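All remarks here apply to the structure that follows.
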Amino acid sequence: MVKVMFVEPSGDEIEVEAQEGWSLMQVAQSKGIDGIEAECGGSCACATCHCYVEGEAAAAVPPPGEGELAMLDNVAAERRPNSRLSCQIRVTPEMAGLVLRVAEVQS
Amino acid sequence: MSDPMVIVGAGQAGLQLAESLRAEGWQGPIRLIGAETHAPYHRPPLSKAWLLGEAVEAQITIRGPEFFARKGLELETGTRVVAIDRAARTITFADGRVEVWAGLALTTGAAARRLSMPGAELAGVLTLRDLDDASRLHGRLVPGARLVVIGAGFIGLEVAAAAVKREVEVTVIEAASRPMARVVSEPISAFYTDLHARNGVRIVTDAAVTGLIGDAMGHVRSVATSAGEFPADLVLVGVGAVARDDLAAAAGLACDRGIVVDACARTSDPAIVAAGDCTVRRRVDGSLVRLESVQNAVEQAKSAAAALMGRDRPFEATPWFWSDQYGVKLQMVGTSAGHDHMRLRGDPGEGRFSIFYWRDGRLIGVDSVDRAQDHLAARKILDRGLDLAPEAVADPAVDLGAFARG
């Protein structure tokens with residue numbers, strides 16, 4: 001288990017134990033985190049699991065692939081340099097302490 | 001306490017409807033009732049990650065138990081609703097219980113279409129629609145097994161791609177002259193025929209299945225077709241789905257190969273809404289459109305929730321779909337059917353290209369292979385009704401994303 005923190009659109013901070021190998025979207029869904037819609041179920045087809053990755057552990061997150069970059073061009077909320085689709089990030093131990101700020105709007 | 005909003009069918013549309021009812025301000029009870037024993041789960045991974053053993057149930061579950069508790073949504077699984085009384089505003093469960101509703105939504109989904117021919121009921125002849133189907137299929141995909149897939153549509157081809165990865169010997173039988181003929185154009189079909197061949201999957205086209213032949217134990221042994229007989233240890237029938245509209249039809253709601261709804265997801269009884277795979281939508285011109293997709297389930301559910309709260313939220317966006325095979329992503333928006341002109345963007349040789357389709361000078365659809373940027377631009381262009389010239393598409397220097405936003 002890897003400790004990460006989600007910040008919901010309301011500002012609520014929720015620390016969760018994330019399972020290694022799961023996507024951060026799956027972690028958020030299983031924990032009932034608000035604001036991540038993930039309509040396509042992790043297929044990188046809908047851009048509704050948009051988060052901003054923050055904290056020192058953000059350096060441990062591999063960069064987005066081309067498919068994700070194209071989807072990020074079309075997110076509903078503001079796109080920032082640290083914008084990511086949480087379905088495309090698999091949890092690794094190096095991500096301990098990662099903060100995921102959920103985008104205010106997804107669609 | 002007010003009577004509950006009742007949603008019959010706990011798939012993606014049903015869950016979205018429940019969530020949207022809360023978001024729309026409904027403060028009374030919300031009851032989500034599902035016939036399956038599972039909490040609502042994402043269906044797309046069933047023909048992909050699930051067959052490869054890359055996910056467990058909690059990973060494809062759409063919302064964990066904590067979410068239901070936080071939102072005050074009551075989920076009852078493994079329960080069948082057998083009747084609707086519109087006048088009394090009640091539903092009746094299989095065990096005889098009767099429950100009153102303040103508002104009713106039907107999200108009963110679709111069932112896999114079955115073959116009606118000799119041998120269709122043999123052991124080893126499977127369909128894929130729900131999680132239990134997927135688990136059954138997963139268990140049978142063992143190295144060296146011979147799988148015959150009937151139907152080269154999305155489900156059939158996705159299963160073929162997963163099965164061959166698990167060292168299963170796969171043959172796909174298709175009645176039409178090319179795979180995915182109903183939804184994509186010839187060049188896309190040709191690309192996929194080649195992609196499957198390179199991965200060791202043979203697609204036999206123009207082959208009509210005439211029967212399934214069993215052994216003495218009643219297990220399927222081969223598939224007889226107009227193009228010859230194919231030995232099989234396992235058969236996957238992927239020939240489409242049938243809307244589950246029997247509950248609605250029995251209650252006297254208008255049905256026509258699905259529960260007929262308007263753009264706001266209202267059925268012929270405006271007190272009852274329906275969303276997702278179980279519906280068929282009547283367009284303004286009176287024609288009917290039946291869609292089976294995540295987009296349709298989610299957007300129609302949002303419209304249905306608004307309708308139950310007395311608000312109009314028409315869903316008329318251009319339809320989009322996707323299919324994942326061998327890690328290659330096919331994304332479609334609009335339709336290629338009836339096109340009189342097409343243009344290529346990108347390079348099929350590199351496995352990254354899109355084909356744009358026009359009819360009477362208007363863009364009607366775009367199919368993209370590993371070109372998500374084209375697909376997303378096309379969604380915007382079609383939704384906004386922008387006039388896109390073929391010359392712009394063929395010119396790689398033109399930024400379609402900027403055009404779509406412009």
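Following the order of the structure tokens, chains are lettered A, B, ..., residues in each are numbered from 1, and ligands are numbered from 1.
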
Only residues of chain B matter here; which ones have an atom within 6 Å of chain A, counting only C-alpha atoms? Give them as a ChimeraX atom specification.
/B:42,59,63-64,66-67,372-373

Dump of N, CA and C atoms for the selected residues, as a short mmCIF file (atom, residue, chain, number, x, y, z; two decimals), in the first residue's frame:
data_model
loop_
_atom_site.label_atom_id
_atom_site.label_comp_id
_atom_site.auth_asym_id
_atom_site.auth_seq_id
_atom_site.Cartn_x
_atom_site.Cartn_y
_atom_site.Cartn_z
N HIS B 42 -17.62 -1.20 -14.84
CA HIS B 42 -17.32 -0.76 -16.20
C HIS B 42 -17.37 -1.98 -17.12
N GLN B 59 -11.29 -3.25 -9.28
CA GLN B 59 -10.69 -2.27 -10.20
C GLN B 59 -11.63 -1.83 -11.30
N ARG B 63 -18.04 2.61 -8.69
CA ARG B 63 -17.92 3.35 -7.43
C ARG B 63 -17.86 2.36 -6.28
N GLY B 64 -16.93 2.57 -5.37
CA GLY B 64 -16.82 1.70 -4.20
C GLY B 64 -17.96 1.95 -3.23
N GLU B 66 -18.03 3.07 -0.28
CA GLU B 66 -17.98 4.35 0.44
C GLU B 66 -18.71 5.45 -0.30
N PHE B 67 -18.67 5.37 -1.63
CA PHE B 67 -19.34 6.39 -2.44
C PHE B 67 -20.86 6.31 -2.25
N ALA B 372 -5.78 10.18 -31.57
CA ALA B 372 -6.78 10.74 -30.65
C ALA B 372 -7.02 12.22 -30.91
N GLN B 373 -5.95 12.92 -31.34
CA GLN B 373 -6.12 14.37 -31.56
C GLN B 373 -7.11 14.65 -32.69
#

Contacts of segment 97-100 of chain A within 6 Å, only C-alpha atoms, excl. fewer than 3 positions in-chain, as a PyMOL selection string:
chain A and resi 3-6+51-55+57

Running DSSP on the backbone, which parts of segment 105-247 of chain B land in alpha helix (DSSP H), as JSON, numbers by chain?
{"B": [131, 132, 133, 134, 135, 136, 137, 138, 139, 140, 154, 155, 156, 157, 158, 159, 160, 161, 162, 163, 164, 165, 186, 187, 188, 189, 190, 191, 192, 193, 194, 195, 196, 197, 198, 246, 247]}

Quick one: of B:Asp262, B:Glu174, B:Glu158, B:Asp340, who's nearest to Gly286 of chain B, counting only C-alpha atoms?
B:Asp262

Going by DSSP on the backbone, which bits of chain A are strand (DSSP E)? Write them as a PyMOL selection string, please.
chain A and resi 2-7+13-18+50-54+83-85+99-102

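Considering only C-alpha atoms, the residue among B:Cys255, B:Ala69, B:Ile188, B:Leu363 positioned nearest to Ala274 of chain B is B:Cys255.
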
Find the residues near segment 201-205 of chain B: any atom within 10 Å, counting only C-alpha atoms, skip ones fewer than 2 places away on the same chain, and give them as a ChimeraX atom specification.
/B:148-152,157,160-161,163-164,168-179,192-199,207-208,227

Pull N, CA and C atoms from the residues just selected and write them as a compact mmCIF listing (two decimals), in the first residue's frame.
# COMPACT_ATOMS: atom_id res chain seq x y z
N VAL B 148 -13.39 -20.38 -31.96
CA VAL B 148 -14.01 -19.80 -33.15
C VAL B 148 -14.92 -18.67 -32.68
N VAL B 149 -14.65 -17.47 -33.18
CA VAL B 149 -15.48 -16.32 -32.87
C VAL B 149 -16.46 -16.13 -34.01
N ILE B 150 -17.73 -16.05 -33.71
CA ILE B 150 -18.73 -15.81 -34.75
C ILE B 150 -19.12 -14.34 -34.70
N GLY B 151 -18.73 -13.60 -35.76
CA GLY B 151 -19.03 -12.18 -35.81
C GLY B 151 -17.79 -11.32 -35.62
N ALA B 152 -17.41 -10.58 -36.67
CA ALA B 152 -16.22 -9.72 -36.59
C ALA B 152 -16.62 -8.28 -36.28
N LEU B 157 -13.84 -9.10 -32.20
CA LEU B 157 -12.45 -8.81 -32.52
C LEU B 157 -11.63 -8.50 -31.26
N ALA B 160 -10.94 -11.82 -29.77
CA ALA B 160 -9.92 -12.50 -30.57
C ALA B 160 -8.52 -11.99 -30.21
N ALA B 161 -8.40 -10.66 -30.08
CA ALA B 161 -7.10 -10.05 -29.76
C ALA B 161 -6.61 -10.50 -28.39
N ALA B 163 -7.59 -13.28 -26.77
CA ALA B 163 -7.42 -14.74 -26.74
C ALA B 163 -6.08 -15.16 -27.36
N VAL B 164 -5.71 -14.52 -28.46
CA VAL B 164 -4.47 -14.92 -29.13
C VAL B 164 -3.26 -14.57 -28.26
N VAL B 168 -4.20 -18.82 -27.49
CA VAL B 168 -5.34 -19.57 -28.01
C VAL B 168 -5.30 -19.45 -29.53
N GLU B 169 -5.70 -20.51 -30.21
CA GLU B 169 -5.74 -20.50 -31.68
C GLU B 169 -7.10 -19.92 -32.09
N VAL B 170 -7.08 -18.77 -32.77
CA VAL B 170 -8.34 -18.05 -33.01
C VAL B 170 -8.70 -17.94 -34.49
N THR B 171 -9.94 -18.28 -34.80
CA THR B 171 -10.50 -18.03 -36.14
C THR B 171 -11.77 -17.20 -35.96
N VAL B 172 -11.90 -16.14 -36.75
CA VAL B 172 -13.09 -15.31 -36.68
C VAL B 172 -13.90 -15.53 -37.95
N ILE B 173 -15.18 -15.83 -37.78
CA ILE B 173 -16.08 -16.07 -38.91
C ILE B 173 -17.00 -14.87 -39.07
N GLU B 174 -17.04 -14.31 -40.27
CA GLU B 174 -17.87 -13.13 -40.50
C GLU B 174 -18.73 -13.33 -41.76
N ALA B 175 -20.01 -13.02 -41.64
CA ALA B 175 -20.92 -13.20 -42.77
C ALA B 175 -20.72 -12.13 -43.84
N ALA B 176 -20.36 -10.91 -43.44
CA ALA B 176 -20.15 -9.83 -44.40
C ALA B 176 -18.79 -9.99 -45.10
N SER B 177 -18.51 -9.08 -46.02
CA SER B 177 -17.29 -9.24 -46.80
C SER B 177 -16.06 -8.63 -46.11
N ARG B 178 -16.26 -7.98 -44.95
CA ARG B 178 -15.12 -7.41 -44.23
C ARG B 178 -15.50 -7.20 -42.76
N PRO B 179 -14.47 -7.12 -41.86
CA PRO B 179 -14.77 -6.94 -40.44
C PRO B 179 -15.34 -5.55 -40.15
N TYR B 192 -7.56 -3.45 -40.19
CA TYR B 192 -7.78 -4.37 -39.08
C TYR B 192 -7.65 -5.84 -39.50
N THR B 193 -8.02 -6.14 -40.72
CA THR B 193 -7.81 -7.52 -41.23
C THR B 193 -6.32 -7.84 -41.17
N ASP B 194 -5.52 -6.88 -41.60
CA ASP B 194 -4.07 -7.05 -41.63
C ASP B 194 -3.49 -7.11 -40.21
N LEU B 195 -3.99 -6.22 -39.34
CA LEU B 195 -3.52 -6.19 -37.95
C LEU B 195 -3.77 -7.54 -37.27
N HIS B 196 -4.95 -8.10 -37.49
CA HIS B 196 -5.25 -9.42 -36.89
C HIS B 196 -4.39 -10.51 -37.49
N ALA B 197 -4.19 -10.45 -38.81
CA ALA B 197 -3.37 -11.48 -39.47
C ALA B 197 -1.94 -11.44 -38.92
N ARG B 198 -1.40 -10.23 -38.74
CA ARG B 198 -0.03 -10.09 -38.23
C ARG B 198 0.09 -10.65 -36.81
N ASN B 199 -1.04 -10.64 -36.08
CA ASN B 199 -1.02 -11.16 -34.71
C ASN B 199 -1.48 -12.62 -34.63
N ALA B 207 -18.61 -15.75 -44.90
CA ALA B 207 -18.89 -17.11 -44.42
C ALA B 207 -20.13 -17.08 -43.53
N ALA B 208 -21.18 -17.69 -43.98
CA ALA B 208 -22.41 -17.76 -43.20
C ALA B 208 -22.39 -19.02 -42.34
N ALA B 227 -18.34 -21.53 -45.86
CA ALA B 227 -16.95 -21.57 -46.33
C ALA B 227 -16.19 -22.75 -45.73

Within 10 Å of Arg266 of chain B, counting only C-alpha atoms, which residues qualify if same-chain residues fewer than 6 places away don't, as a PyMOL selection string?
chain B and resi 105+259-260+272-275+281+300+303-305+307-308+312

Export, as a PDB file, in the first residue's frame, the selected residues with C-alpha atoms.
ATOM      1  CA  ALA B 105     -36.158   5.092 -14.427  1.00  0.00           C
ATOM      2  CA  ILE B 259     -37.728   1.500 -25.111  1.00  0.00           C
ATOM      3  CA  VAL B 260     -38.650   4.545 -27.201  1.00  0.00           C
ATOM      4  CA  ILE B 272     -41.039   7.281 -16.559  1.00  0.00           C
ATOM      5  CA  VAL B 273     -37.606   7.775 -18.070  1.00  0.00           C
ATOM      6  CA  ALA B 274     -35.148   5.324 -19.623  1.00  0.00           C
ATOM      7  CA  ALA B 275     -31.460   5.470 -20.528  1.00  0.00           C
ATOM      8  CA  ARG B 281     -34.260   7.476 -29.322  1.00  0.00           C
ATOM      9  CA  GLN B 300     -28.861   9.865 -21.588  1.00  0.00           C
ATOM     10  CA  SER B 303     -30.891  13.764 -19.297  1.00  0.00           C
ATOM     11  CA  ALA B 304     -33.148  11.215 -17.600  1.00  0.00           C
ATOM     12  CA  ALA B 305     -32.250  12.470 -14.128  1.00  0.00           C
ATOM     13  CA  ALA B 307     -36.334  14.919 -16.676  1.00  0.00           C
ATOM     14  CA  LEU B 308     -37.336  13.237 -13.411  1.00  0.00           C
ATOM     15  CA  ASP B 312     -35.292  19.451 -20.066  1.00  0.00           C
TER      16      ASP B 312
END

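Put simply, atom CA of Val366 of chain B is 7.1 Å away from atom CA of Thr335 of chain B.
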
Find the residues around Leu85 of chain A up to 6 Å (only C-alpha atoms counted), leave out those fewer than 3 positions away in its own chain, and share them as a PDB file with N, CA and C atoms, in the first residue's frame.
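Final output, around16.pdb:
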ATOM      1  N   CYS A  49     -11.220  12.112 -15.854  1.00  0.00           N
ATOM      2  CA  CYS A  49     -10.580  11.747 -14.577  1.00  0.00           C
ATOM      3  C   CYS A  49      -9.365  12.652 -14.368  1.00  0.00           C
ATOM      4  N   HIS A  50      -9.532  13.897 -14.796  1.00  0.00           N
ATOM      5  CA  HIS A  50      -8.446  14.881 -14.812  1.00  0.00           C
ATOM      6  C   HIS A  50      -8.045  15.314 -13.402  1.00  0.00           C
ATOM      7  N   GLN A  88      -4.335   6.870 -16.257  1.00  0.00           N
ATOM      8  CA  GLN A  88      -3.129   6.485 -16.984  1.00  0.00           C
ATOM      9  C   GLN A  88      -1.897   6.390 -16.082  1.00  0.00           C
TER      10      GLN A  88
END

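You can rank A:Val102, A:Pro81, A:Pro93, A:Val61 by their closest distance to Glu8 of chain A using only C-alpha atoms, and at the top of that list sits A:Val102.
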
Rank A:Pro9, A:Arg80, A:Ala96, A:Ala58 by their smallest atom-to-atom distance to Ile36 of chain A, using only C-alpha atoms, and report the top residue only.
A:Pro9

I'd like the neighbourhood of Ala77 of chain A as a JSON list (two decimals) with N, CA and C atoms, in the first residue's frame, where a residue qualifies if any of its atoms comes within 9 Å (using only C-alpha atoms), though same-chain residues fewer than 4 positions away should be ignored.
[["chain", "number", "residue", "atom", "x", "y", "z"],
["A", 50, "HIS", "N", -9.53, 13.90, -14.80],
["A", 50, "HIS", "CA", -8.45, 14.88, -14.81],
["A", 50, "HIS", "C", -8.05, 15.31, -13.40],
["A", 103, "ALA", "N", -9.58, 18.02, -10.70],
["A", 103, "ALA", "CA", -10.03, 19.21, -11.45],
["A", 103, "ALA", "C", -11.47, 19.56, -11.07],
["A", 104, "GLU", "N", -11.76, 20.87, -11.11],
["A", 104, "GLU", "CA", -13.08, 21.34, -10.64],
["A", 104, "GLU", "C", -14.21, 20.83, -11.53],
["A", 105, "VAL", "N", -13.96, 20.74, -12.82],
["A", 105, "VAL", "CA", -14.99, 20.20, -13.72],
["A", 105, "VAL", "C", -14.35, 19.16, -14.63],
["A", 106, "GLN", "N", -15.16, 18.17, -15.03],
["A", 106, "GLN", "CA", -14.65, 17.08, -15.88],
["A", 106, "GLN", "C", -15.34, 17.03, -17.23],
["A", 107, "SER", "N", -16.53, 17.62, -17.34],
["A", 107, "SER", "CA", -17.23, 17.56, -18.62],
["A", 107, "SER", "C", -18.14, 18.76, -18.78]]

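Our summary of the geometry notes that atom CA of Ala190 of chain B is positioned 19.1 Å from atom CA of Phe321 of chain B.
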
Tell me, in Å to one decimal, how far atom CA of Trp320 of chain B is from atom CA of Gln295 of chain B.
6.9 Å

Which residue gives the smallest distance to Ser83 of chain A among A:Arg101, A:Gly35, A:Met95, A:Ile14, with only C-alpha atoms counted?
A:Arg101
